[in-house]
>>> print(open('upload20.pdb').read())   # PDB, C-alpha atoms
MODEL        1
ATOM      1  CA  MET V  10       0.000   0.000   0.000
ATOM      2  CA  SER V  11       1.578   3.278  -1.114
ATOM      3  CA  VAL V  12      -0.890   5.603   0.625
ATOM      4  CA  LYS V  13       0.476   6.820   3.942
ATOM      5  CA  GLN V  14      -1.544   6.973   7.155
ATOM      6  CA  ALA V  15      -0.770  10.265   8.919
ATOM      7  CA  GLN V  16      -0.786  10.601  12.695
ATOM      8  CA  GLY V  17      -2.562  13.999  12.815
ATOM      9  CA  PRO V  18      -4.978  15.789  10.506
ATOM     10  CA  GLU V  19      -4.181  15.544   6.787
ATOM     11  CA  LEU V  20      -4.825  19.042   5.563
ATOM     12  CA  MET V  21      -6.133  19.564   2.032
ATOM     13  CA  SER V  22      -5.069  22.531  -0.092
ATOM     14  CA  PRO V  23      -7.132  25.748   0.118
ATOM     15  CA  ASN V  24      -8.621  24.986  -3.324
ATOM     16  CA  VAL V  25      -9.775  21.485  -2.372
ATOM     17  CA  THR V  26     -11.050  22.697   1.019
ATOM     18  CA  GLY V  27     -12.782  25.786  -0.385
ATOM     19  CA  PHE V  28     -14.610  24.029  -3.179
ATOM     20  CA  GLY V  29     -15.394  21.017  -0.966
ATOM     21  CA  ILE V  30     -17.129  23.253   1.589
ATOM     22  CA  ALA V  31     -18.756  25.249  -1.239
ATOM     23  CA  TYR V  32     -20.084  22.013  -2.758
ATOM     24  CA  SER V  33     -21.727  21.042   0.543
ATOM     25  CA  VAL V  34     -23.320  24.467   0.953
ATOM     26  CA  ALA V  35     -24.432  24.607  -2.707
ATOM     27  CA  VAL V  36     -26.256  21.250  -2.655
ATOM     28  CA  ILE V  37     -28.140  22.146   0.543
ATOM     29  CA  PHE V  38     -28.921  25.557  -0.995
ATOM     30  CA  ASN V  39     -30.182  23.699  -4.090
ATOM     31  CA  ALA V  40     -32.606  21.605  -2.003
ATOM     32  CA  LEU V  41     -33.849  24.557   0.063
ATOM     33  CA  LEU V  42     -34.325  26.745  -3.024
ATOM     34  CA  MET V  43     -36.341  23.922  -4.628
ATOM     35  CA  MET V  44     -38.623  23.746  -1.566
ATOM     36  CA  LEU V  45     -39.058  27.523  -1.544
ATOM     37  CA  LYS V  46     -39.742  27.625  -5.278
ATOM     38  CA  GLU V  47     -42.244  24.762  -5.190
ATOM     39  CA  SER V  48     -44.017  26.091  -2.069
ATOM     40  CA  TYR V  49     -44.367  29.732  -3.098
ATOM     41  CA  PRO V  50     -45.542  30.487  -6.658
ATOM     42  CA  ALA V  51     -44.198  34.044  -6.320
ATOM     43  CA  VAL V  52     -40.660  32.703  -5.932
ATOM     44  CA  HIS V  53     -41.200  30.335  -8.855
ATOM     45  CA  ASN V  54     -42.464  33.193 -11.016
ATOM     46  CA  LEU V  55     -39.602  35.445  -9.962
ATOM     47  CA  MET V  56     -37.093  32.781 -11.016
ATOM     48  CA  ALA V  57     -38.858  32.537 -14.380
ATOM     49  CA  VAL V  58     -38.561  36.278 -15.053
ATOM     50  CA  VAL V  59     -35.142  35.974 -16.707
ATOM     51  CA  GLY V  60     -35.963  32.684 -18.485
ATOM     52  CA  HIS V  61     -36.868  29.146 -17.446
ATOM     53  CA  HIS V  62     -37.015  28.718 -13.649
ATOM     54  CA  TRP V  63     -34.863  25.593 -13.856
ATOM     55  CA  VAL V  64     -32.107  27.409 -15.733
ATOM     56  CA  THR V  65     -32.144  30.203 -13.133
ATOM     57  CA  HIS V  66     -32.024  27.551 -10.393
ATOM     58  CA  GLY V  67     -28.949  25.915 -11.946
ATOM     59  CA  VAL V  68     -27.172  29.232 -12.464
ATOM     60  CA  LEU V  69     -27.786  30.218  -8.812
ATOM     61  CA  ASP V  70     -26.449  26.827  -7.598
ATOM     62  CA  LEU V  71     -23.364  27.217  -9.755
ATOM     63  CA  LEU V  72     -22.772  30.781  -8.573
ATOM     64  CA  VAL V  73     -22.973  29.693  -4.918
ATOM     65  CA  PHE V  74     -20.450  26.910  -5.614
ATOM     66  CA  LEU V  75     -18.011  29.065  -7.578
ATOM     67  CA  ILE V  76     -18.171  32.279  -5.539
ATOM     68  CA  LEU V  77     -18.135  30.595  -2.121
ATOM     69  CA  GLY V  78     -15.394  28.200  -3.253
ATOM     70  CA  TYR V  79     -13.258  31.085  -4.504
ATOM     71  CA  ILE V  80     -13.760  33.130  -1.308
ATOM     72  CA  ILE V  81     -12.922  30.229   1.049
ATOM     73  CA  ALA V  82      -9.930  29.172  -1.069
ATOM     74  CA  ALA V  83      -8.631  32.762  -1.183
ATOM     75  CA  ARG V  84      -8.738  32.885   2.619
ATOM     76  CA  GLY V  85      -6.355  29.930   2.736
ATOM     77  CA  VAL V  86      -8.655  27.701   4.780
ATOM     78  CA  GLN V  87      -7.400  24.117   5.075
ATOM     79  CA  TRP V  88      -9.439  21.217   6.419
ATOM     80  CA  ASP V  89      -8.613  17.618   7.147
ATOM     81  CA  GLY V  90      -9.497  15.440   4.137
ATOM     82  CA  GLY V  91     -11.519  13.007   6.224
ATOM     83  CA  LYS V  92     -13.646  15.828   7.629
ATOM     84  CA  LEU V  93     -14.156  17.221   4.131
ATOM     85  CA  ALA V  94     -15.162  13.775   2.821
ATOM     86  CA  GLY V  95     -17.718  13.608   5.645
ATOM     87  CA  TRP V  96     -19.148  16.978   4.638
ATOM     88  CA  VAL V  97     -19.318  16.003   0.956
ATOM     89  CA  ALA V  98     -20.997  12.666   1.693
ATOM     90  CA  GLY V  99     -23.303  14.004   4.414
ATOM     91  CA  SER V 100     -24.521  16.999   2.428
ATOM     92  CA  THR V 101     -25.115  14.849  -0.653
ATOM     93  CA  ILE V 102     -27.238  12.355   1.287
ATOM     94  CA  LEU V 103     -29.113  15.099   3.156
ATOM     95  CA  ALA V 104     -29.830  17.123  -0.009
ATOM     96  CA  GLY V 105     -30.981  13.974  -1.834
ATOM     97  CA  LEU V 106     -33.332  13.032   1.010
ATOM     98  CA  LEU V 107     -34.727  16.573   1.213
ATOM     99  CA  ILE V 108     -35.498  16.651  -2.515
ATOM    100  CA  VAL V 109     -37.015  13.181  -2.821
ATOM    101  CA  GLY V 110     -38.775  13.499   0.553
ATOM    102  CA  PHE V 111     -40.353  16.802  -0.479
ATOM    103  CA  PHE V 112     -41.893  15.319  -3.621
ATOM    104  CA  VAL V 113     -42.987  12.130  -1.823
ATOM    105  CA  ILE V 114     -44.737  14.115   0.915
ATOM    106  CA  VAL V 115     -45.851  17.313  -0.818
ATOM    107  CA  GLY V 116     -45.749  16.441  -4.507
TER     108      GLY V 116
ATOM    109  CA  MET U  45     -37.363  12.732 -34.706
ATOM    110  CA  SER U  46     -34.967  15.674 -34.568
ATOM    111  CA  HIS U  47     -35.522  16.691 -30.945
ATOM    112  CA  GLN U  48     -35.772  13.110 -29.634
ATOM    113  CA  ILE U  49     -32.065  12.748 -30.426
ATOM    114  CA  TRP U  50     -31.350  14.787 -27.271
ATOM    115  CA  LEU U  51     -33.042  12.028 -25.236
ATOM    116  CA  LEU U  52     -30.493   9.576 -26.629
ATOM    117  CA  ILE U  53     -27.491  11.893 -26.256
ATOM    118  CA  HIS U  54     -28.348  12.735 -22.617
ATOM    119  CA  PRO U  55     -28.206   9.207 -21.100
ATOM    120  CA  THR U  56     -25.298   8.264 -23.362
ATOM    121  CA  PHE U  57     -23.100  11.041 -21.981
ATOM    122  CA  GLY U  58     -24.503  10.335 -18.522
ATOM    123  CA  VAL U  59     -23.547   6.674 -18.508
ATOM    124  CA  LEU U  60     -20.108   7.446 -19.982
ATOM    125  CA  GLY U  61     -19.580  10.077 -17.268
ATOM    126  CA  MET U  62     -20.615   7.518 -14.662
ATOM    127  CA  ALA U  63     -18.181   4.956 -16.127
ATOM    128  CA  ALA U  64     -15.370   7.528 -16.003
ATOM    129  CA  ALA U  65     -16.206   8.219 -12.335
ATOM    130  CA  LEU U  66     -16.048   4.466 -11.664
ATOM    131  CA  TRP U  67     -12.646   4.493 -13.365
ATOM    132  CA  VAL U  68     -11.532   7.246 -10.942
ATOM    133  CA  PHE U  69     -12.822   5.159  -8.006
ATOM    134  CA  VAL U  70     -10.844   2.087  -9.105
ATOM    135  CA  GLU U  71      -7.655   4.098  -9.734
ATOM    136  CA  ALA U  72      -8.040   5.717  -6.291
ATOM    137  CA  LEU U  73      -8.309   2.315  -4.590
ATOM    138  CA  ASN U  74      -4.741   1.532  -5.649
ATOM    139  CA  VAL U  75      -3.406   5.035  -6.147
ATOM    140  CA  SER U  76       0.313   5.717  -6.374
ATOM    141  CA  GLU U  77       2.603   8.190  -8.133
ATOM    142  CA  THR U  78       2.486   5.964 -11.212
ATOM    143  CA  ASN U  79      -1.276   6.182 -11.801
ATOM    144  CA  ILE U  80      -2.151   9.577 -10.298
ATOM    145  CA  ASP U  81      -2.089  11.339 -13.692
ATOM    146  CA  ARG U  82      -4.399   8.705 -15.162
ATOM    147  CA  MET U  83      -6.801   9.112 -12.235
ATOM    148  CA  ARG U  84      -6.816  12.903 -12.639
ATOM    149  CA  SER U  85      -7.440  12.586 -16.409
ATOM    150  CA  ALA U  86     -10.380  10.256 -15.739
ATOM    151  CA  ALA U  87     -11.751  12.781 -13.219
ATOM    152  CA  ILE U  88     -11.646  15.567 -15.833
ATOM    153  CA  LEU U  89     -13.219  13.244 -18.403
ATOM    154  CA  SER U  90     -16.055  12.361 -16.009
ATOM    155  CA  SER U  91     -16.689  16.034 -15.298
ATOM    156  CA  VAL U  92     -16.803  16.957 -19.009
ATOM    157  CA  LEU U  93     -19.139  14.052 -19.841
ATOM    158  CA  ILE U  94     -21.545  14.826 -16.989
ATOM    159  CA  TRP U  95     -21.637  18.467 -18.108
ATOM    160  CA  LEU U  96     -22.458  17.349 -21.665
ATOM    161  CA  ALA U  97     -25.231  15.099 -20.280
ATOM    162  CA  TYR U  98     -26.583  18.100 -18.350
ATOM    163  CA  LEU U  99     -26.533  20.414 -21.374
ATOM    164  CA  ALA U 100     -28.269  17.830 -23.595
ATOM    165  CA  ALA U 101     -30.911  17.195 -20.927
ATOM    166  CA  GLY U 102     -31.374  20.887 -20.258
ATOM    167  CA  TYR U 103     -31.944  21.698 -23.920
ATOM    168  CA  PHE U 104     -34.613  18.990 -24.215
ATOM    169  CA  TYR U 105     -36.221  19.825 -20.886
ATOM    170  CA  VAL U 106     -36.512  23.563 -21.490
ATOM    171  CA  PHE U 107     -37.716  23.414 -25.092
ATOM    172  CA  TYR U 108     -39.522  20.067 -25.548
ATOM    173  CA  TYR U 109     -40.400  18.339 -22.258
ATOM    174  CA  GLY U 110     -43.684  20.243 -21.840
ATOM    175  CA  ALA U 111     -45.467  18.001 -24.345
ATOM    176  CA  ASP U 112     -44.193  14.807 -22.672
ATOM    177  CA  LYS U 113     -45.208  16.190 -19.271
ATOM    178  CA  ALA U 114     -48.789  16.729 -20.438
ATOM    179  CA  VAL U 115     -48.916  13.157 -21.808
ATOM    180  CA  ILE U 116     -47.529  11.650 -18.577
ATOM    181  CA  LYS U 117     -49.868  13.621 -16.318
ATOM    182  CA  ALA U 118     -52.901  12.509 -18.337
ATOM    183  CA  GLY U 119     -51.795   8.868 -18.279
ATOM    184  CA  PRO U 120     -51.899   6.048 -15.702
ATOM    185  CA  TRP U 121     -48.462   6.954 -14.260
ATOM    186  CA  PRO U 122     -48.734  10.682 -13.386
ATOM    187  CA  TRP U 123     -46.194  10.145 -10.588
ATOM    188  CA  ALA U 124     -43.566   9.461 -13.273
ATOM    189  CA  HIS U 125     -43.551  13.251 -13.605
ATOM    190  CA  GLY U 126     -44.759  14.310 -10.135
ATOM    191  CA  LEU U 127     -42.170  12.298  -8.230
ATOM    192  CA  PHE U 128     -39.476  11.056 -10.613
ATOM    193  CA  MET U 129     -39.092  13.969 -13.033
ATOM    194  CA  GLU U 130     -39.520  16.647 -10.390
ATOM    195  CA  SER U 131     -36.890  14.940  -8.208
ATOM    196  CA  LYS U 132     -34.562  14.284 -11.144
ATOM    197  CA  GLU U 133     -34.668  17.928 -12.230
ATOM    198  CA  HIS U 134     -33.174  18.990  -8.911
ATOM    199  CA  LEU U 135     -31.056  15.929  -8.071
ATOM    200  CA  PHE U 136     -29.198  16.460 -11.341
ATOM    201  CA  PHE U 137     -27.657  19.643  -9.934
ATOM    202  CA  ILE U 138     -26.080  17.504  -7.195
ATOM    203  CA  VAL U 139     -24.504  15.174  -9.771
ATOM    204  CA  LEU U 140     -23.326  18.175 -11.783
ATOM    205  CA  LEU U 141     -21.673  19.876  -8.811
ATOM    206  CA  LEU U 142     -20.164  16.566  -7.596
ATOM    207  CA  ALA U 143     -18.678  15.943 -11.049
ATOM    208  CA  THR U 144     -17.367  19.526 -11.124
ATOM    209  CA  PHE U 145     -15.719  19.036  -7.725
ATOM    210  CA  LEU U 146     -14.224  15.629  -8.634
ATOM    211  CA  PRO U 147     -11.190  16.962 -10.609
ATOM    212  CA  ILE U 148     -10.556  19.482  -7.805
ATOM    213  CA  ALA U 149     -10.559  16.684  -5.209
ATOM    214  CA  ALA U 150      -8.322  14.588  -7.479
ATOM    215  CA  SER U 151      -5.800  17.460  -7.673
ATOM    216  CA  ALA U 152      -4.780  16.663  -4.066
ATOM    217  CA  LYS U 153      -1.764  14.421  -3.353
ATOM    218  CA  VAL U 154      -4.017  11.391  -3.182
ATOM    219  CA  TYR U 155      -1.055   8.951  -3.289
ATOM    220  CA  ALA U 156       0.428  10.532  -0.142
ATOM    221  CA  SER U 157      -2.659  10.984   2.017
ATOM    222  CA  LYS U 158      -5.241   8.475   3.145
ATOM    223  CA  ALA U 159      -7.688  11.309   3.875
ATOM    224  CA  ALA U 160      -7.305  12.727   0.348
ATOM    225  CA  ARG U 161      -7.891   9.262  -1.073
ATOM    226  CA  SER U 162     -11.022   8.936   1.078
ATOM    227  CA  LEU U 163     -12.282  12.261  -0.317
ATOM    228  CA  VAL U 164     -11.777  11.094  -3.918
ATOM    229  CA  LEU U 165     -13.358   7.695  -3.193
ATOM    230  CA  TRP U 166     -16.443   9.321  -1.654
ATOM    231  CA  THR U 167     -16.777  11.912  -4.402
ATOM    232  CA  SER U 168     -16.349   9.490  -7.308
ATOM    233  CA  GLY U 169     -18.502   6.838  -5.602
ATOM    234  CA  LEU U 170     -21.306   9.343  -5.109
ATOM    235  CA  VAL U 171     -21.081  10.410  -8.767
ATOM    236  CA  VAL U 172     -21.536   6.745  -9.755
ATOM    237  CA  LEU U 173     -24.485   6.129  -7.408
ATOM    238  CA  SER U 174     -26.285   9.386  -8.157
ATOM    239  CA  ALA U 175     -25.767   9.032 -11.922
ATOM    240  CA  LEU U 176     -27.200   5.492 -11.688
ATOM    241  CA  ALA U 177     -30.232   6.929  -9.894
ATOM    242  CA  MET U 178     -30.596   9.499 -12.704
ATOM    243  CA  GLU U 179     -30.497   6.738 -15.325
ATOM    244  CA  GLY U 180     -33.155   4.772 -13.428
ATOM    245  CA  ALA U 181     -35.397   7.817 -12.998
ATOM    246  CA  GLY U 182     -35.045   8.580 -16.702
ATOM    247  CA  ALA U 183     -36.227   5.056 -17.522
ATOM    248  CA  VAL U 184     -39.316   5.479 -15.310
ATOM    249  CA  ILE U 185     -40.140   8.838 -16.947
ATOM    250  CA  GLY U 186     -39.792   7.313 -20.434
ATOM    251  CA  MET U 187     -42.055   4.466 -19.349
ATOM    252  CA  GLY U 188     -44.529   7.032 -18.030
ATOM    253  CA  VAL U 189     -44.852   8.431 -21.564
ATOM    254  CA  LYS U 190     -45.122   4.938 -23.045
ATOM    255  CA  VAL U 191     -47.918   3.694 -20.758
ATOM    256  CA  ALA U 192     -49.820   6.956 -21.298
ATOM    257  CA  LEU U 193     -49.659   6.570 -25.075
ATOM    258  CA  LEU U 194     -50.564   2.850 -24.880
ATOM    259  CA  ALA U 195     -53.588   3.691 -22.734
ATOM    260  CA  LYS U 196     -54.874   5.927 -25.527
ATOM    261  CA  MET U 197     -54.757   3.123 -28.129
TER     262      MET U 197
ENDMDL
END
>>> encode(input="upload20.pdb", output="C-alpha cells")
Amino acid sequence: MSVKQAQGPELMSPNVTGFGIAYSVAVIFNALLMMLKESYPAVHNLMAVVGHHWVTHGVLDLLVFLILGYIIAARGVQWDGGKLAGWVAGSTILAGLLIVGFFVIVG
Amino acid sequence: MSHQIWLLIHPTFGVLGMAAALWVFVEALNVSETNIDRMRSAAILSSVLIWLAYLAAGYFYVFYYGADKAVIKAGPWPWAHGLFMESKEHLFFIVLLLATFLPIAASAKVYASKAARSLVLWTSGLVVLSALAMEGAGAVIGMGVKVALLAKM
C-alpha cells in the first residue's frame, strides 16, 4: 500500500477545502431553493422572469459553488481530508433526502 | 425525430460520465505516483461528460419536455412526472456539482494521504451512485410516456 496513514490531521489545499465546503453548501442551498420555489408560486415566477425557472435555479447553484469556493480558497482555509469527505458525503445524502422526501410528501 | 435525439445523447453522456467516475474510483483504490495522472485525467473526463449530459438534458427539458409532461400527467403513471421527473430535475444539480468538484478533489496528493484518497473515493462513488439513480429515474419517466400513449390506443 503506497498511501500513507498520517498521525494527525491531513490538511487539504485551500482549493480542495474551499470548493469542498462550497459544494456542501451549494447542494443544501439547491434543495432549500427547490422547496421555496415549489411552495411559493411568487418565488417560482420570480425565477422565471429571466428565463426558465430551472435554468435560473442551476445558475444560482453554480454561482454559490463558484463564488463561495473562490472566497474560502482565497482565505487559505485548510481542512482535514476526512472531515471534508464527511461533509461532501453528508450533504449529498441530506440534499438527496430533502429533494425526494419533499416530492414524496408534498408532490 | 430531430428533438428526440437529445433524449439519446443525454443518457449516453450520462452513462459514460458515470463509467469515467467508476474508473476514478478504481484508480483511487490503488493510487500511487504511477497512476495519479491517469486518475486525474479520468476525473476531468467524467466532469466533461456529466456536463455534456446536463446540457443535452437541459436543452430537451426547457424546449420540448412540456409536451411529454402533459402526456404523462394525463396517463396512468402521473407520478412518473410528479415524483421522478420533479426529483430528477433537482437531483441532477447535485450530480453536476459533484462531477465539477471531482477533478478538484483529485488534484490533491491522493497517493500521499489516506484522507485525500477517502475524499476522492467518496466523491467518485457518489457520482456513480447518483448518476445510476438518474439513469433509473429517466427510464421510469420514459415508461410514463409509453404507458400513457398505450392507454390511448
>>> interface_residues(input="upload20.pdb", of="chain V", to="chain U", cutoff="8 Å", atoms="only C-alpha atoms", output="PyMOL selection string")
chain V and resi 10-15+19+21-22+24-25+28-29+32+36+39-40+43+61+63-64+67+70-71+74+89-91+93-94+97-98+101+105+108-109+112-113+116
>>> closest_residue(input="upload20.pdb", among="U:Trp95, U:Gly188, U:Gly182, U:Tyr109", to="Gln48 (chain U)", atoms="all atoms listed in the file")
U:Tyr109
>>> residues_around(input="upload20.pdb", residues="region 50-64 of chain U", least_positions_apart="6", cutoff="10 Å", atoms="only C-alpha atoms", output="ChimeraX atom specification")
/U:70,83,85-105,108,139,143,168-176,178-179,182-183,186
>>> closest_residue(input="upload20.pdb", among="V:Ser48, V:Gln87, V:Asn54, V:Thr65", to="Pro23 (chain V)", atoms="all atoms listed in the file")
V:Gln87
>>> residues_around(input="upload20.pdb", residues="Glu71 (chain U)", least_positions_apart="6", cutoff="9 Å", atoms="all atoms listed in the file", output="ChimeraX atom specification")
/U:79-80,82-83
>>> write_last_selection(input="upload20.pdb", atoms="C-alpha atoms", output="PDB file, keeping the file's coordinate frame")
ATOM      1  CA  ASN U  79      -1.276   6.182 -11.801  1.00  0.00           C
ATOM      2  CA  ILE U  80      -2.151   9.577 -10.298  1.00  0.00           C
ATOM      3  CA  ARG U  82      -4.399   8.705 -15.162  1.00  0.00           C
ATOM      4  CA  MET U  83      -6.801   9.112 -12.235  1.00  0.00           C
TER       5      MET U  83
END
